[in-house]
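Presented below is the structure to which this report refers.
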Amino acid sequence: MAIKLIALDLDGTTINNDGVISEGNRRALQKAADKGVNIVIATGRPFCALPRDVFEIDAIRYVLTSNGASITDIRENKTFYENCLSPLATEKAVELLRKHDYIIECFVNGVAYIDGPYYYEVEKTGMSFRDVNYILNTRNPVDDIYGFMLENKGHIENINVNFEDMSEKPAMREKMLLLPETTITSSFPHNLEIGGATTSKAEALMQMGKLLGVKPEEMMAMGDSPNDIAMLSVCGLPIAVGNAMDEVKAVAKYIAPTNHEDGVAAAVEKFVLV
């Protein structure tokens with residue numbers, strides 16, 4: 001069946017190791033769009049952290065952000081779908097996270113907020129186990145991240161828990177899986193993400209399908225991380241890039257070249273531009 005929609009993860013998939021969408025990927029996506037194929041970005045990033053490249057590519061109109069908690073039409077600058085954590089889920093997450101000492105972020109209305117003391121320490125020292133420029137350019141510090149989340153309960157798109165000591169992640173994941181009305185996933189090896197009960201890239205993509213009149217079997221999706229698995233599982237053509245984690249490759253029907261080798265372009269040329 002002909003592909004009518006291409007859903008693309010950003011980090012580790014469409015964006016290369018230099019942090020940009022390559023010219024090869026851009027050309028392939030534009031050619032697909034010229035054939036009438038819908039190009040949809042599906043990312044764990046909040047809207048505020050989308051790279052400029054996304055807005056420079058005319059082929060892209062819709063973006064699914066915060067792991068599918070929000071869908072925005074970037075041509076009209078209009079968000080028309082939201083799937084946030086419930087107030088109860090936020091309260092229980094805060095109750096759990098207060099007992100530990102992790103770097104906490106939350107996304108509200110497309111904006112990313114981070115625990116202020118950590119942000120200012122990174123700003124002062126220029127040091128972090130994460131990308132310093134990304135933190136300083138995309139995160140907004142608040143003095144009390146837990147109080148901020150409770151003040152905005154019901155509007156939280158995502159809670160991001162970052163682990164400097166990776167050995168602590170498995171045990172914390174087991175505790176987080178017991179939180180009510182939530183989904184637990186991960187975009188990067190160093191984090192765990194708490195979303196709403198039905199929040200996922202897959203659910204948001206099904207909403208996009210209804211809007212555009214595209215069936216799941218007419219969709220191609222590409223990703224590299226655990227938060228992409230649900231999306232790949234509901235699409236007719238699931239593809240993993242060569243640098244994807246093994247669990248992502250396990251659900252893919254095709255393994256493309258890596259994100260730094262224009263894997264997106266290779267897959268589009270192989271399955272769409274034929």
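Chain labels A, B, ... are given in the sequence in which chains occur in the structure tokens; within each chain residues are numbered consecutively from 1, and ligands are likewise numbered from 1 in the order shown.
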Which polymer residues have any atom within 8 Å of an atom of A:Gly154, counting only C-alpha atoms, with same-chain residues fewer than 6 positions away left out, as an MDAnalysis selection string?
-> chainID A and resid 84:87 90
Can you write out as a Markdown table which residues of stretch 174-236 of chain A fall within 10 Å of stretch 93-103 of chain A, alongside each residue's closest atom pair and its distance in Å to one decimal, counting only C-alpha atoms and ordering rows by chain and ascending residue number?
| residue | atom | partner | partner_atom | distance |
| --- | --- | --- | --- | --- |
| A:Lys175 | CA | A:Leu96 | CA | 8.2 |
| A:Met176 | CA | A:Ala93 | CA | 7.7 |
| A:Leu178 | CA | A:Ala93 | CA | 9.9 |
| A:Leu179 | CA | A:Ala93 | CA | 6.7 |
| A:Pro180 | CA | A:Ala93 | CA | 8.8 |
| A:Thr182 | CA | A:Ala93 | CA | 9.1 |
| A:Asn191 | CA | A:Ile103 | CA | 9.5 |
| A:Ile194 | CA | A:Ala93 | CA | 8.2 |
Give me a file of those residues, with N, CA, C and O atoms, as a short mmCIF file (atom, residue, chain, number, x, y, z; two decimals), in the first residue's frame.
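Saved to out_24.cif:
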data_model
loop_
_atom_site.label_atom_id
_atom_site.label_comp_id
_atom_site.auth_asym_id
_atom_site.auth_seq_id
_atom_site.Cartn_x
_atom_site.Cartn_y
_atom_site.Cartn_z
N LYS A 175 9.61 1.92 40.48
CA LYS A 175 8.75 2.75 41.32
C LYS A 175 7.81 3.60 40.48
O LYS A 175 6.63 3.77 40.81
N MET A 176 8.33 4.13 39.39
CA MET A 176 7.52 5.00 38.53
C MET A 176 6.42 4.23 37.83
O MET A 176 5.33 4.76 37.55
N LEU A 178 4.55 2.19 39.06
CA LEU A 178 3.43 2.04 39.98
C LEU A 178 2.58 3.31 40.08
O LEU A 178 1.53 3.30 40.72
N LEU A 179 3.03 4.38 39.46
CA LEU A 179 2.26 5.63 39.50
C LEU A 179 0.94 5.46 38.75
O LEU A 179 0.91 4.87 37.66
N PRO A 180 -0.16 5.97 39.30
CA PRO A 180 -1.46 5.82 38.63
C PRO A 180 -1.60 6.75 37.43
O PRO A 180 -1.00 7.83 37.38
N THR A 182 -0.51 6.91 34.38
CA THR A 182 0.69 7.41 33.69
C THR A 182 1.23 6.38 32.71
O THR A 182 0.90 5.19 32.77
N ASN A 191 17.53 9.25 30.83
CA ASN A 191 16.30 9.79 31.40
C ASN A 191 15.16 8.78 31.43
O ASN A 191 15.18 7.73 30.78
N ILE A 194 7.63 10.72 32.33
CA ILE A 194 6.30 10.40 32.82
C ILE A 194 5.28 11.17 31.98
O ILE A 194 5.30 12.41 31.93
#
Give me the stretch 181-260 of chain A side of the contact with stretch 39-53 of chain A, cut-off 9 Å, one line per residue showing its nearest atom pair and distance in Å at one decimal, counting only C-alpha atoms, sorted by chain and residue number, as a tab-separated table.
residue	atom	partner	partner_atom	distance
A:Ser186	CA	A:Gly44	CA	8.7
A:Ser187	CA	A:Gly44	CA	6.5
A:Lys201	CA	A:Ala42	CA	6.4
A:Ala204	CA	A:Ala42	CA	8.7
A:Leu205	CA	A:Ala42	CA	8.1
A:Met208	CA	A:Val40	CA	8.8
A:Asn227	CA	A:Gly44	CA	7.6
A:Asp228	CA	A:Thr43	CA	8.6
A:Met231	CA	A:Ala42	CA	8.9
Which of stretch 157-267 of chain A fall in strand (DSSP E or B), as a PyMOL selection string = chain A and resi 157-162+182-185+191-196+219-223+237-240+254-255
DSSP-assigned helix (DSSP H, G or I) members of stretch 197-263 of chain A, reported as an NGL selection string | :A and (201-212 or 216-218 or 226-234 or 246-249 or 259-261 or 263)
List the neighbours of A:Asn16 out to 10 Å using only C-alpha atoms; skip same-chain residues closer than 4 positions along the sequence, and give me the result as a count of residues only.
-> 13
Determine the nearest neighbour of A:Tyr81 from the options A:Leu64, A:Ile135, A:Leu237, A:Ala221, counting only C-alpha atoms.
-> A:Leu64
Please, what distance in Å, to one decimal, runs between atom CA of A:Lys92 and atom CA of A:His190?
->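 Distance reported for this atom pair: 22.1 Å.
With atom CA of A:Asn17 on one side and atom CA of A:Phe163 on the other, the separation reads 21.9 Å.
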For atom CA of A:Ser70 and atom CA of A:Glu157, determine how far apart the two atoms are, in Å to one decimal place.
-> 7.6 Å
